[in-house]
Every structure is written in C-alpha cells, then in structure tokens.
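Shown below: target-v9.txt, with compact mmCIF, C-alpha atoms.
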# COMPACT_ATOMS: atom_id res chain seq x y z
CA MET A 12 15.19 -30.13 69.30
CA THR A 13 13.25 -26.95 68.85
CA ALA A 14 11.31 -26.25 65.73
CA PRO A 15 13.10 -23.97 63.28
CA ALA A 16 12.03 -20.37 63.47
CA PRO A 17 9.11 -19.76 61.18
CA ALA A 18 10.16 -18.43 57.81
CA PRO A 19 9.29 -14.78 57.36
CA ALA A 20 6.15 -14.19 55.38
CA PRO A 21 7.18 -14.16 51.70
CA ALA A 22 7.52 -10.61 50.47
CA PRO A 23 5.09 -9.73 47.75
CA GLN A 24 6.73 -10.84 44.53
CA SER A 25 8.49 -8.01 42.75
CA VAL A 26 7.96 -7.89 39.02
CA TYR A 27 10.11 -6.92 36.07
CA VAL A 28 8.28 -4.58 33.69
CA TYR A 29 8.98 -4.84 29.94
CA GLY A 30 6.55 -2.34 28.57
CA VAL A 31 3.10 -0.85 28.48
CA VAL A 32 0.50 -1.69 25.86
CA ARG A 33 -3.20 -1.10 25.35
CA ALA A 34 -5.42 -3.40 27.38
CA SER A 35 -6.75 -4.83 24.12
CA HIS A 36 -3.25 -5.82 22.95
CA ALA A 37 -2.96 -9.57 22.47
CA VAL A 38 0.28 -10.64 24.14
CA PRO A 39 1.70 -13.75 22.48
CA PRO A 40 1.52 -16.76 24.81
CA GLY A 41 4.48 -18.82 25.92
CA ARG A 42 7.01 -15.99 26.06
CA THR A 43 9.64 -15.84 28.74
CA GLY A 44 11.60 -12.88 29.99
CA VAL A 45 14.84 -11.94 31.69
CA GLY A 46 16.80 -13.93 34.23
CA GLU A 47 18.89 -17.04 34.44
CA ARG A 48 15.74 -19.14 34.56
CA PRO A 49 13.42 -16.85 32.61
CA ALA A 50 9.96 -16.58 34.12
CA PRO A 51 6.85 -16.64 31.95
CA VAL A 52 5.63 -13.30 30.72
CA ARG A 53 2.17 -12.13 31.74
CA THR A 54 0.13 -8.95 31.76
CA VAL A 55 -1.36 -6.75 34.44
CA ARG A 56 -4.38 -4.79 33.27
CA ALA A 57 -5.62 -1.49 34.64
CA GLY A 58 -8.15 0.68 32.88
CA ALA A 59 -7.32 0.97 29.19
CA LEU A 60 -3.72 -0.14 29.68
CA ALA A 61 -1.77 -3.31 30.39
CA ALA A 62 1.78 -3.75 31.60
CA VAL A 63 3.78 -6.69 30.30
CA ILE A 64 5.65 -8.21 33.23
CA SER A 65 7.29 -11.31 34.62
CA ASP A 66 8.48 -12.27 38.07
CA ALA A 67 11.70 -10.39 38.69
CA PRO A 68 14.75 -12.62 38.78
CA ALA A 69 16.53 -12.70 42.10
CA ARG A 70 19.70 -11.19 40.80
CA LEU A 71 19.35 -9.18 37.64
CA ARG A 72 22.30 -7.69 35.87
CA ALA A 73 22.75 -6.23 32.44
CA LYS A 74 23.86 -9.38 30.70
CA ARG A 75 23.66 -9.75 26.97
CA ARG A 76 21.08 -12.49 27.40
CA ASP A 77 18.81 -10.26 29.48
CA LEU A 78 19.22 -7.19 27.31
CA LEU A 79 18.27 -9.29 24.30
CA ALA A 80 15.31 -10.82 26.13
CA HIS A 81 14.07 -7.34 26.99
CA GLN A 82 14.58 -6.07 23.45
CA ASP A 83 13.11 -9.13 21.73
CA LEU A 84 9.96 -9.00 23.78
CA ALA A 85 9.47 -5.32 23.00
CA LEU A 86 9.97 -6.03 19.30
CA THR A 87 7.58 -8.97 19.36
CA LEU A 88 4.93 -6.95 21.14
CA GLY A 89 5.42 -4.19 18.60
CA ARG A 90 4.26 -6.44 15.79
CA ASP A 91 0.74 -6.61 17.20
CA GLY A 92 0.27 -3.01 18.18
CA PRO A 93 1.95 -0.03 19.79
CA VAL A 94 4.15 -0.61 22.80
CA LEU A 95 5.94 1.74 25.16
CA PRO A 96 9.16 -0.10 25.99
CA MET A 97 10.49 0.36 29.49
CA ARG A 98 14.09 1.23 30.12
CA PHE A 99 16.04 -1.93 30.89
CA GLY A 100 15.93 -2.99 34.52
CA MET A 101 12.68 -1.50 35.80
CA VAL A 102 11.35 -3.54 38.70
CA ALA A 103 8.14 -2.82 40.57
CA PRO A 104 7.69 -4.02 44.16
CA ASP A 105 4.51 -5.90 43.26
CA GLU A 106 1.69 -6.17 40.73
CA GLU A 107 -0.50 -3.83 42.70
CA SER A 108 1.95 -0.95 42.39
CA VAL A 109 2.10 -1.54 38.64
CA ARG A 110 -1.69 -1.34 38.49
CA ARG A 111 -1.72 1.90 40.47
CA GLN A 112 0.96 3.38 38.27
CA LEU A 113 -0.92 2.49 35.07
CA LEU A 114 -4.04 4.17 36.36
CA CYS A 115 -2.38 7.41 37.34
CA THR A 116 -0.41 7.77 34.09
CA GLN A 117 -3.17 6.46 31.85
CA ASN A 118 -3.70 9.59 29.77
CA ASP A 119 -0.02 10.17 29.07
CA CYS A 120 0.51 6.53 28.19
CA LEU A 121 -2.46 6.44 25.85
CA ALA A 122 -1.22 9.55 24.08
CA ALA A 123 2.25 8.06 23.74
CA LEU A 124 0.81 4.77 22.43
CA GLU A 125 -1.15 6.73 19.88
CA ARG A 126 2.01 8.48 18.81
CA VAL A 127 4.04 5.32 18.23
CA ASP A 128 1.19 3.32 16.74
CA GLY A 129 2.36 1.84 13.43
CA ARG A 130 5.76 3.45 13.84
CA VAL A 131 9.29 2.31 14.50
CA GLU A 132 12.44 3.90 15.78
CA MET A 133 15.53 4.02 13.60
CA ASN A 134 18.78 5.05 15.18
CA LEU A 135 21.61 6.65 13.28
CA LYS A 136 25.14 7.14 14.46
CA ALA A 137 27.84 9.03 12.64
CA LEU A 138 31.53 8.52 13.26
CA PRO A 139 34.66 10.09 11.89
CA THR A 140 36.29 8.19 9.05
CA GLU A 141 39.81 8.04 7.72
CA ALA A 142 38.59 7.41 4.21
CA ASP A 143 40.07 10.64 2.89
CA LEU A 144 43.13 11.45 4.92
CA GLY A 145 44.64 13.17 1.90
CA ALA A 146 41.94 15.83 1.88
CA LEU A 147 42.50 16.47 5.57
CA VAL A 148 46.24 16.91 5.08
CA ARG A 149 45.65 19.34 2.21
CA GLU A 150 42.89 21.35 3.85
CA ASP A 151 43.84 21.44 7.52
CA PRO A 152 46.73 23.85 8.05
CA GLU A 153 47.56 22.47 11.49
CA VAL A 154 47.79 18.87 10.27
CA SER A 155 49.80 19.99 7.30
CA ARG A 156 52.22 21.96 9.48
CA LEU A 157 52.65 19.15 12.02
CA ARG A 158 53.13 16.61 9.27
CA THR A 159 55.96 18.62 7.83
CA ALA A 160 57.45 19.06 11.28
CA THR A 161 57.22 15.33 11.98
CA ARG A 162 58.98 14.53 8.75
CA ARG A 163 61.78 16.93 9.55
CA ALA A 164 62.18 15.77 13.12
CA PRO A 165 60.53 12.40 13.62
CA GLY A 166 59.83 11.24 17.14
CA TYR A 167 57.25 9.98 19.55
CA GLU A 168 56.08 13.39 20.78
CA ALA A 169 55.80 14.79 17.29
CA SER A 170 53.85 11.77 16.12
CA VAL A 171 51.42 11.99 19.02
CA ARG A 172 50.84 15.68 18.33
CA LEU A 173 50.28 14.99 14.65
CA GLY A 174 47.93 12.11 15.46
CA GLU A 175 45.94 14.29 17.84
CA ALA A 176 45.58 16.96 15.18
CA VAL A 177 44.45 14.32 12.69
CA ALA A 178 41.85 13.00 15.16
CA ARG A 179 40.56 16.53 15.75
CA GLY A 180 40.45 17.24 12.04
CA LEU A 181 38.63 14.02 11.21
CA LYS A 182 36.12 14.74 13.94
CA ARG A 183 35.51 18.25 12.65
CA ARG A 184 34.83 16.92 9.16
CA ALA A 185 32.47 14.28 10.54
CA VAL A 186 30.57 16.84 12.63
CA ALA A 187 29.95 18.98 9.57
CA ALA A 188 28.74 16.01 7.51
CA ALA A 189 26.54 14.78 10.35
CA ALA A 190 24.79 18.14 10.59
CA THR A 191 23.77 17.91 6.93
CA VAL A 192 22.66 14.30 7.31
CA LEU A 193 20.61 15.10 10.41
CA ALA A 194 18.84 18.00 8.71
CA GLU A 195 17.92 15.92 5.67
CA LEU A 196 16.67 12.93 7.61
CA SER A 197 14.75 15.01 10.14
CA ALA A 198 12.80 16.44 7.24
CA VAL A 199 11.49 12.99 6.27
CA ALA A 200 10.94 11.55 9.79
CA ASP A 201 7.84 12.06 11.93
CA ALA A 202 10.04 13.04 14.86
CA THR A 203 13.71 13.24 15.71
CA VAL A 204 15.48 13.14 19.06
CA HIS A 205 19.10 13.14 20.04
CA GLY A 206 20.22 10.02 21.84
CA PRO A 207 22.68 9.91 24.70
CA GLU A 208 26.17 10.96 23.81
CA VAL A 209 28.23 7.99 22.70
CA GLU A 210 31.99 8.10 22.90
CA GLY A 211 33.46 8.05 19.43
CA CYS A 212 30.27 9.17 17.69
CA VAL A 213 29.66 12.68 16.46
CA LEU A 214 25.95 12.03 16.06
CA ASN A 215 23.49 9.75 17.81
CA ALA A 216 19.95 10.45 16.69
CA SER A 217 16.74 8.49 16.67
CA PHE A 218 13.98 8.95 14.14
CA LEU A 219 10.34 8.02 14.48
CA LEU A 220 8.97 6.64 11.24
CA ASP A 221 5.87 5.07 9.86
CA ARG A 222 6.66 1.37 9.56
CA ARG A 223 5.89 1.56 5.84
CA GLU A 224 8.45 4.29 5.34
CA GLN A 225 11.33 2.20 6.61
CA ARG A 226 12.66 1.13 3.21
CA ARG A 227 12.53 4.63 1.88
CA PHE A 228 14.34 5.91 4.94
CA GLU A 229 17.05 3.28 4.56
CA GLY A 230 17.46 4.34 0.95
CA ALA A 231 17.87 7.95 2.01
CA VAL A 232 20.49 6.97 4.58
CA GLU A 233 22.37 4.95 1.99
CA ARG A 234 22.45 7.89 -0.39
CA LEU A 235 23.69 10.20 2.34
CA ALA A 236 26.27 7.67 3.47
CA THR A 237 27.61 7.50 -0.06
CA ALA A 238 27.63 11.25 -0.49
CA HIS A 239 29.51 11.80 2.78
CA ARG A 240 31.59 8.66 2.88
CA ASP A 241 34.83 10.61 2.85
CA ARG A 242 33.82 12.58 5.91
CA ALA A 243 31.67 10.37 8.11
CA GLU A 244 30.73 6.77 8.56
CA LEU A 245 27.01 6.24 9.13
CA ARG A 246 25.58 3.36 11.10
CA LEU A 247 21.87 2.75 11.01
CA THR A 248 20.16 0.46 13.49
CA GLY A 249 16.57 -0.60 13.41
CA PRO A 250 13.71 -1.05 13.38
CA LEU A 251 13.85 -0.73 17.14
CA PRO A 252 11.16 -0.50 19.78
CA CYS A 253 10.37 3.18 20.22
CA TYR A 254 12.63 3.68 23.23
CA SER A 255 13.17 7.36 22.46
CA PHE A 256 9.54 8.28 21.89
CA THR A 257 7.72 7.19 25.00
CA GLU A 258 6.64 10.68 26.06
CA GLY A 259 2.97 11.37 25.58
CA ARG A 260 3.44 15.03 24.83
CA VAL A 261 4.84 15.69 21.40
CA MET B 1 22.26 3.00 -8.05
CA PRO B 2 24.83 1.41 -5.79
CA THR B 3 24.98 -2.34 -5.56
CA GLY B 4 24.05 -4.20 -2.42
CA THR B 5 27.61 -4.98 -1.49
CA TYR B 6 28.65 -1.43 -2.01
CA THR B 7 25.96 0.04 0.17
CA GLU B 8 26.53 -2.55 2.81
CA GLU B 9 30.01 -1.21 3.10
CA VAL B 10 28.82 2.36 3.22
CA VAL B 11 26.11 1.95 5.81
CA ARG B 12 25.55 -1.09 7.88
CA ILE B 13 21.95 -1.59 8.80
CA GLN B 14 21.77 -3.55 11.97
CA ARG B 15 18.63 -5.35 12.84
CA THR B 16 17.18 -7.31 15.67
CA GLY B 17 19.67 -9.43 17.50
CA THR B 18 22.45 -6.90 17.59
CA LEU B 19 22.92 -4.83 20.67
CA TYR B 20 26.06 -2.97 19.94
CA ASP B 21 24.61 0.09 18.34
CA CYS B 22 21.51 0.42 20.48
CA LEU B 23 22.80 -0.49 23.89
CA GLU B 24 22.59 3.07 25.14
CA LEU B 25 18.97 3.27 24.04
CA ILE B 26 17.97 0.15 25.98
CA LEU B 27 19.80 1.44 29.02
CA ASP B 28 19.19 5.19 28.80
CA ARG B 29 15.94 5.61 26.90
CA GLY B 30 12.66 3.81 27.23
CA MET B 31 9.98 4.60 29.73
CA VAL B 32 10.87 5.19 33.33
CA ILE B 33 8.41 5.12 36.17
CA ASP B 34 9.77 6.94 39.17
CA VAL B 35 8.21 4.77 41.82
CA PHE B 36 9.71 1.64 40.34
CA ILE B 37 13.15 0.47 41.28
CA ARG B 38 15.87 0.40 38.72
CA VAL B 39 17.94 -2.62 39.51
CA SER B 40 21.66 -3.08 39.31
CA LEU B 41 22.22 0.44 38.22
CA VAL B 42 25.85 0.32 39.19
CA GLY B 43 26.49 -2.77 37.11
CA ILE B 44 24.71 -1.20 34.17
CA GLU B 45 26.72 1.98 34.32
CA ILE B 46 29.96 0.03 34.29
CA LEU B 47 28.83 -2.01 31.34
CA LYS B 48 27.94 1.12 29.42
CA ILE B 49 31.38 2.55 29.79
CA ASP B 50 32.99 -0.71 28.80
CA ALA B 51 30.92 -1.00 25.69
CA ARG B 52 32.07 2.36 24.46
CA ILE B 53 34.70 2.87 21.91
CA VAL B 54 37.89 4.32 23.22
CA VAL B 55 39.06 6.57 20.46
CA ALA B 56 41.33 9.04 22.15
CA SER B 57 44.25 6.79 22.84
CA VAL B 58 47.90 7.30 22.12
CA ASP B 59 47.86 4.15 20.00
CA THR B 60 45.25 5.71 17.78
CA TYR B 61 47.20 8.95 17.51
CA LEU B 62 50.35 7.13 16.52
CA ARG B 63 48.50 5.15 13.92
CA PHE B 64 46.93 8.34 12.55
CA ALA B 65 50.33 9.97 12.37
CA GLU B 66 51.75 7.01 10.51
CA ALA B 67 48.86 6.93 8.06
CA CYS B 68 49.11 10.66 7.62
CA ASN B 69 52.78 10.43 6.75
CA ARG B 70 51.98 7.87 4.09
CA VAL B 71 49.53 10.13 2.30
CA ASP B 72 51.02 10.98 -1.04
CA LEU B 73 50.08 14.55 -1.72
CA GLU B 74 51.84 14.67 -5.08
CA PHE B 75 49.53 11.99 -6.36
CA ASP B 76 46.43 13.41 -4.77
CA ARG B 77 46.90 16.76 -6.51
CA SER B 78 47.12 15.32 -10.01
CA LYS B 79 43.68 13.84 -9.97
CA THR B 80 43.19 12.05 -13.24
CA VAL B 81 44.70 8.89 -14.58
CA PRO B 82 45.06 10.22 -18.18
CA GLU B 83 47.22 13.04 -16.90
CA LEU B 84 49.43 10.60 -15.09
CA LEU B 85 49.68 8.33 -18.10
CA GLY B 86 50.45 11.33 -20.28
CA GLY B 87 53.33 12.08 -17.97
CA MET B 88 54.59 8.54 -18.24
CA ALA B 89 54.49 8.57 -22.03
CA GLY B 90 56.92 11.42 -21.85
CA GLY B 91 54.94 14.48 -22.76
CA GLY B 92 51.42 14.45 -24.11
CA GLY B 93 49.34 17.57 -24.31
CA SER B 94 48.38 18.23 -20.73
CA PRO B 95 50.26 20.61 -18.49
CA ALA B 96 50.60 17.84 -15.95
CA GLY B 97 52.15 15.65 -18.60
CA ARG B 98 54.70 18.27 -19.48
CA MET B 99 55.44 18.80 -15.85
CA ALA B 100 55.95 15.10 -15.27
CA THR B 101 58.45 14.98 -18.09
CA GLY B 102 60.33 17.78 -16.51
CA LEU B 103 60.34 16.16 -13.15
CA GLY B 104 61.67 12.94 -14.55
CA LYS B 105 60.80 9.31 -14.49
CA LYS B 106 61.06 8.76 -10.79
CA LYS B 107 58.08 10.89 -9.96
CA ALA B 108 55.95 9.33 -12.66
CA LYS B 109 56.71 5.89 -11.31
CA LYS B 110 55.74 6.98 -7.86
CA ALA B 111 52.47 8.31 -9.18
CA VAL B 112 51.72 5.04 -10.92
CA ALA B 113 52.38 3.15 -7.75
CA GLY B 114 49.89 5.49 -6.14
CA VAL B 115 47.28 4.61 -8.73
CA GLY B 116 47.84 0.93 -8.13
CA GLU B 117 47.24 1.44 -4.44
CA LYS B 118 44.08 3.42 -5.05
CA VAL B 119 42.72 0.76 -7.37
CA LYS B 120 43.52 -1.99 -4.93
CA ARG B 121 41.77 -0.07 -2.24
CA ALA B 122 38.78 0.51 -4.48
CA VAL B 123 38.34 -3.16 -5.29
CA GLY B 124 38.91 -4.11 -1.68
CA ALA B 125 42.09 -6.11 -2.14
CA GLY B 126 44.07 -6.89 0.97
CA GLU B 127 46.31 -4.18 2.24
CA GLY B 128 48.79 -5.50 4.68
CA ASP B 129 49.60 -2.35 6.53
CA GLY B 130 46.33 -1.29 7.95
CA GLU B 131 45.56 2.05 6.41
CA GLY B 132 42.03 0.76 6.04
CA GLU B 133 39.27 2.99 7.23
CA GLN B 134 38.03 0.52 9.76
CA GLY B 135 41.42 -0.48 11.06
CA GLU B 136 40.85 1.38 14.25
CA ARG B 137 37.81 -0.56 15.21
CA GLU B 138 39.27 -3.90 14.29
CA GLU B 139 42.26 -3.07 16.34
CA ARG B 140 40.14 -2.58 19.38
CA GLU B 141 38.04 -5.55 18.58
CA GLU B 142 40.67 -8.09 17.80
CA ARG B 143 43.51 -7.06 19.95
CA GLU B 144 44.36 -10.65 20.69
CA SER B 145 44.01 -12.34 17.34
CA ARG B 146 44.61 -9.37 15.19
CA PRO B 147 44.44 -9.88 11.46
CA ARG B 148 45.36 -6.49 10.12
CA ARG B 149 44.20 -7.26 6.65
CA ARG B 150 40.99 -5.85 5.44
CA THR B 151 38.17 -8.28 5.58
CA ALA B 152 35.60 -6.07 4.04
CA PRO B 153 32.46 -8.25 4.00
CA THR B 154 32.79 -9.58 7.50
CA ARG B 155 33.04 -6.40 9.42
CA ARG B 156 32.68 -6.21 13.11
CA ARG B 157 29.35 -7.36 14.40
CA SER B 158 29.60 -8.23 18.03
CA ALA B 159 29.20 -5.86 20.88
CA SER B 160 32.39 -6.67 22.64
CA ALA B 161 34.91 -3.91 22.78
CA SER B 162 38.20 -4.70 24.29
CA GLY B 163 39.34 -1.14 24.76
CA SER B 164 38.48 -1.21 28.39
CA SER B 165 40.43 0.09 31.26
CA ASP B 166 39.24 -2.67 33.51
CA PRO B 167 39.82 -6.06 31.93
CA SER B 168 37.47 -7.82 34.31
CA GLU B 169 34.37 -6.02 33.17
CA PRO B 170 33.76 -6.59 29.46
CA SER B 171 32.82 -10.15 30.29
CA GLU B 172 29.59 -8.75 31.65
CA LEU B 173 28.31 -8.13 28.21
CA SER B 174 29.66 -11.11 26.38
CA GLU B 175 28.96 -13.54 29.12
CA GLU B 176 26.47 -16.16 27.99
CA ASP B 177 24.90 -18.35 30.55
What would the structure in this file look like if it were written as structure tokens?
Amino acid sequence: MTAPAPAPAPAPQSVYVYGVVRASHAVPPGRTGVGERPAPVRTVRAGALAAVISDAPARLRAKRRDLLAHQDLALTLGRDGPVLPMRFGMVAPDEESVRRQLLCTQNDCLAALERVDGRVEMNLKALPTEADLGALVREDPEVSRLRTATRRAPGYEASVRLGEAVARGLKRRAVAAAATVLAELSAVADATVHGPEVEGCVLNASFLLDRREQRRFEGAVERLATAHRDRAELRLTGPLPCYSFTEGRV
Amino acid sequence: MPTGTYTEEVVRIQRTGTLYDCLELILDRGMVIDVFIRVSLVGIEILKIDARIVVASVDTYLRFAEACNRVDLEFDRSKTVPELLGGMAGGGGSPAGRMATGLGKKKAKKAVAGVGEKVKRAVGAGEGDGEGEQGEREEREERESRPRRRTAPTRRRSASASGSSDPSEPSELSEED
C-alpha cells in the first residue's frame, strides 16, 4: 500500500477582522468571535494601530449569532476607547496583509479614531403611521375622492386603488415630518449621515454624538416623536458602534 | 412631561442585542478595506432583502381601504366633547349643539359611539378589528399565529419578518445554532 499523498501545505490562516483600534487599546481577554465554534479574539499590531481579529470560520454566513457576535465585540471594544468597526464579513487572507493594510491607512484610521473618540452612533428611522387616517381623508383630495367612489361602487379594484392612495398619502405625510425631525436633530448632533435606504422607511439617518449627550438626544427624539406622532413613527436605535462614521476625513 | 410608558409607545429605543433596526448598518456601513475579501456576499444580500418590510402589498392596500372607510368624518369635524354632549342634551348654546338637534338623535348617538372608540383607543383597550397603528407590522410578523388585538406594551421586537417572497430564506436570520 502506497503512502497517502502528502497533504498540501496549509494555506496561511485567513482572519476575520472586527475592527481597528489604537495600539494602546486594551482588548478584553477571553472574548470569542464569529463562527459555529467561535475562535478566540486577538489583536494584530502595526504602528500606532491594532486590528482586532480571530481565525476566520470555515464557512461564514450572516447568521443572527454571527451578526450579534460582531456587533457585541465592537460595542465592548467601544467601552475602552474609540473603535472603527468593520463592515460585517471582512476577511483578510492572513495576518500579514492586515498588518500591511494598517500601516498604509494609518493616518486616515487615526483621524477617524480621533473623530469617534468618546462618541456613539444613534440611528433613527421614520416610518409612515396610520395614527391619523381621518386627517388624511380630510386633507388629501385623491383619497377623499376615491373613498367616496369606493362607497358608491364597492369592489376589489376600487379598494386597491383607495388603499394605494392611502399608502401614498401616509408616506407623503411621513416624509414631511421626517424632514423636520432630521433638521432638528442634525442641529444637536456632531455629525449626521444618511443610512442605506430601507424599504418601508422614509428616513434612515445616523447621528454621531458625544456619549454624554445620549440622554439629551433621546429626550429630543421623544419630544419630536410625540409632536409628529400623527404623521410618522420614529424608531431610535443605539448606542451603536460608529459604523457610519469610519471615514477619517470629516 | 410624558410618562415612561407613553414615550415607550411613541419611540422605541432599541439597545444592544437587537439587530432588527441596525441590520443594514452592520451589513452596509462600517469600515471596508478593499484588499480584504468580503465573504458570503450573496448570502448577505439575500438576508437583507428578507429582513425588509414589505409594505407595498395588495393586502396592505385592502386593509388601508377598509380602515379608511371606517373613518368617521362627521365625528372628526366636531372636535370637542362638550359640543357633542350639548348636541345630545338637545340644544345647548353651541352651534354644533343646535345642529345636532336639527339632525336628530341618530347622529348624536353615532358621535357618542365615536367618542367611546377614541377613548378606548387612547387608553389602549383592545380593539378587535385591527385599526391599530401597528397592525400592519404585526400582520407581517405574526402571520401564522395572528392575534389581531392590540398588545401595546409587547410590541414587536425580533428581527424576523415573514413578508418574504422566498419562504426558505428568513430562516437564515432567525436560525440559532
């Protein structure tokens, strides 16, 4: 019997990257990362920066467990200093390439770390609400007309057309309210960016805030939510890792 | 100053441990390094679409139409309760009161029923027929075991949205292993 063919030399271990911190950042020990059998988290240092990494799992998919692991680690790191969270699913071929990358983006990363130091991201979404359908019927001529028509001649088609008009009208009201809300909150935040478009939302915006301003910001959102409750539903999420503010240039 | 319960209903502040309202940030924002590989991009894109709310559906339109037809404009125009009560008492001083007398008892009764509904809604009592403002989301959420009553304090938390076109995919997100 011949000896089995020699196994190919193990490829350099690819690594999952969670985020970038300052080299002086103390990373809490004993943390594990993404994957079915989560690997221990470690750091790779280069110059003034460190990347927080773990061995990449063999088969990584966007499971709830892994998304939470990614998010939790970024939040934990954020308690001890600024962190630039990576987008979910970034895998480097090996530690060496991470090191090289840190060195060639050092200045941008340091500027970005400076910018998010002591700050958090709060995300606000605004959605249409049916809280005041009566106002829509009174104020929107199209809805009013279709409603009358549907009552005169009820039917599937008529109802769908009326429903579409209602959806459009509710969205229009929410868009107007969201514009006011965005303007007011932008004035009190250190920075504001629009998030990716989200189906069903008329506004998706992230705000960069001093950690100590969080309560005050929440209070402002609550006031606005009350003032506009008949036109838009507001959903505030945070504090989050500063996903939307990782650019060094302001 | 609104009470805690009240504000909780107005704006839900979601903290660590919830993914639903920040999924797109984890997947679409955050730092990207071009030379790194982004894994499972295809899987991630599919998940993103599944996690989204499907609003523009015929079901939603029909529900809107139904709700819209239930709106009682007569009541909504005569804003204040005293005016309505004046009408019921058969006169009173207000123009609305006089008008209600003229229009007869039937209308006044209808208006009172309207007030009852409004009050119920305001105190969050159960409304069997789903005119609630969050009905749409619950519908998506709990298509299988759908309680159409309002359950104000325990509003939707989880990330799972069942309004997907491909029933095999939402398990991606809710899968726990």
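With only C-alpha atoms as the atoms that count, the minimum distance from Asp83 in chain A to the choices A:Leu251, A:Val192, A:Ala231, A:Leu135 is reached by A:Leu251.
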Using all atoms listed in the file, what table do you get, as a tab-separated table, when you list each residue of chain A with an atom no more than 6 Å from chain B, its nearest pair of atoms, and their distance in Å rounded to one decimal, rows by chain then rising number?
residue	atom	partner	partner_atom	distance
A:Arg72	CA	B:Ser40	CA	5.8
A:Ala73	CA	B:Ile44	CA	5.7
A:Lys74	CA	B:Leu173	CA	5.3
A:Arg75	CA	B:Leu173	CA	5.1
A:Pro96	CA	B:Gly30	CA	5.4
A:Met97	CA	B:Met31	CA	4.3
A:Arg98	CA	B:Gly30	CA	4.1
A:Phe99	CA	B:Leu27	CA	5.4
A:Gly100	CA	B:Val39	CA	5.4
A:Met101	CA	B:Arg38	CA	4.7
A:Val102	CA	B:Ile37	CA	5.1
A:Ala103	CA	B:Phe36	CA	4.7
A:Glu141	CA	B:Glu133	CA	5.1
A:Ala142	CA	B:Glu133	CA	5.4
A:Gly145	CA	B:Val71	CA	5.8
A:Ser170	CA	B:Ala65	CA	5.4
A:Val171	CA	B:Tyr61	CA	5.4
A:Leu173	CA	B:Ala65	CA	5.5
A:Gly174	CA	B:Tyr61	CA	3.8
A:Glu175	CA	B:Tyr61	CA	5.5
A:Glu210	CA	B:Arg52	CA	5.9
A:Gly211	CA	B:Ile53	CA	5.9
A:Ala236	CA	B:Val10	CA	5.9
A:Leu245	CA	B:Val11	CA	5.5
A:Arg246	CA	B:Arg12	CA	5.5
A:Leu247	CA	B:Ile13	CA	4.9
A:Thr248	CA	B:Gln14	CA	4.6
A:Gly249	CA	B:Arg15	CA	5.2
A:Tyr254	CA	B:Gly30	CA	4.0
A:Ser255	CA	B:Arg29	CA	5.5
A:Thr257	CA	B:Met31	CA	5.8
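Here CA of Arg184 in chain A is placed at a distance of 15.0 Å from CA of Thr237 in chain A.
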Practice task
State, in Å with one decimal place, the distance from CA of Cys115 in chain A to CA of Gly206 in chain A.
Solution key: 27.5 Å
Practice task
Could you please determine the separation between CA of His239 in chain A and CA of Arg130 in chain A in Å, to one decimal place?
Solution key: 27.5 Å
Practice task
With a distance cut-off of 7 Å and all atoms listed in the file, select the neighbouring residues of His81 in chain A, excluding the residue or stretch itself and same-chain residues fewer than 4 positions from it, and output the selection as a ChimeraX atom specification.
Solution key: /A:29,44-45,77,85,99
In file coordinates, which residues lie within 8 Å of (13.5, 12.6, 16.7) using all atoms listed in the file, given as a PDB file with C-alpha atoms, keeping the file's coordinate frame?
ATOM      1  CA  SER A 197      14.750  15.010  10.140  1.00  0.00           C
ATOM      2  CA  ALA A 200      10.940  11.550   9.790  1.00  0.00           C
ATOM      3  CA  ASP A 201       7.840  12.060  11.930  1.00  0.00           C
ATOM      4  CA  ALA A 202      10.040  13.040  14.860  1.00  0.00           C
ATOM      5  CA  THR A 203      13.710  13.240  15.710  1.00  0.00           C
ATOM      6  CA  VAL A 204      15.480  13.140  19.060  1.00  0.00           C
ATOM      7  CA  HIS A 205      19.100  13.140  20.040  1.00  0.00           C
ATOM      8  CA  ALA A 216      19.950  10.450  16.690  1.00  0.00           C
ATOM      9  CA  SER A 217      16.740   8.490  16.670  1.00  0.00           C
ATOM     10  CA  PHE A 218      13.980   8.950  14.140  1.00  0.00           C
ATOM     11  CA  LEU A 219      10.340   8.020  14.480  1.00  0.00           C
ATOM     12  CA  SER A 255      13.170   7.360  22.460  1.00  0.00           C
ATOM     13  CA  PHE A 256       9.540   8.280  21.890  1.00  0.00           C
TER      14      PHE A 256
END
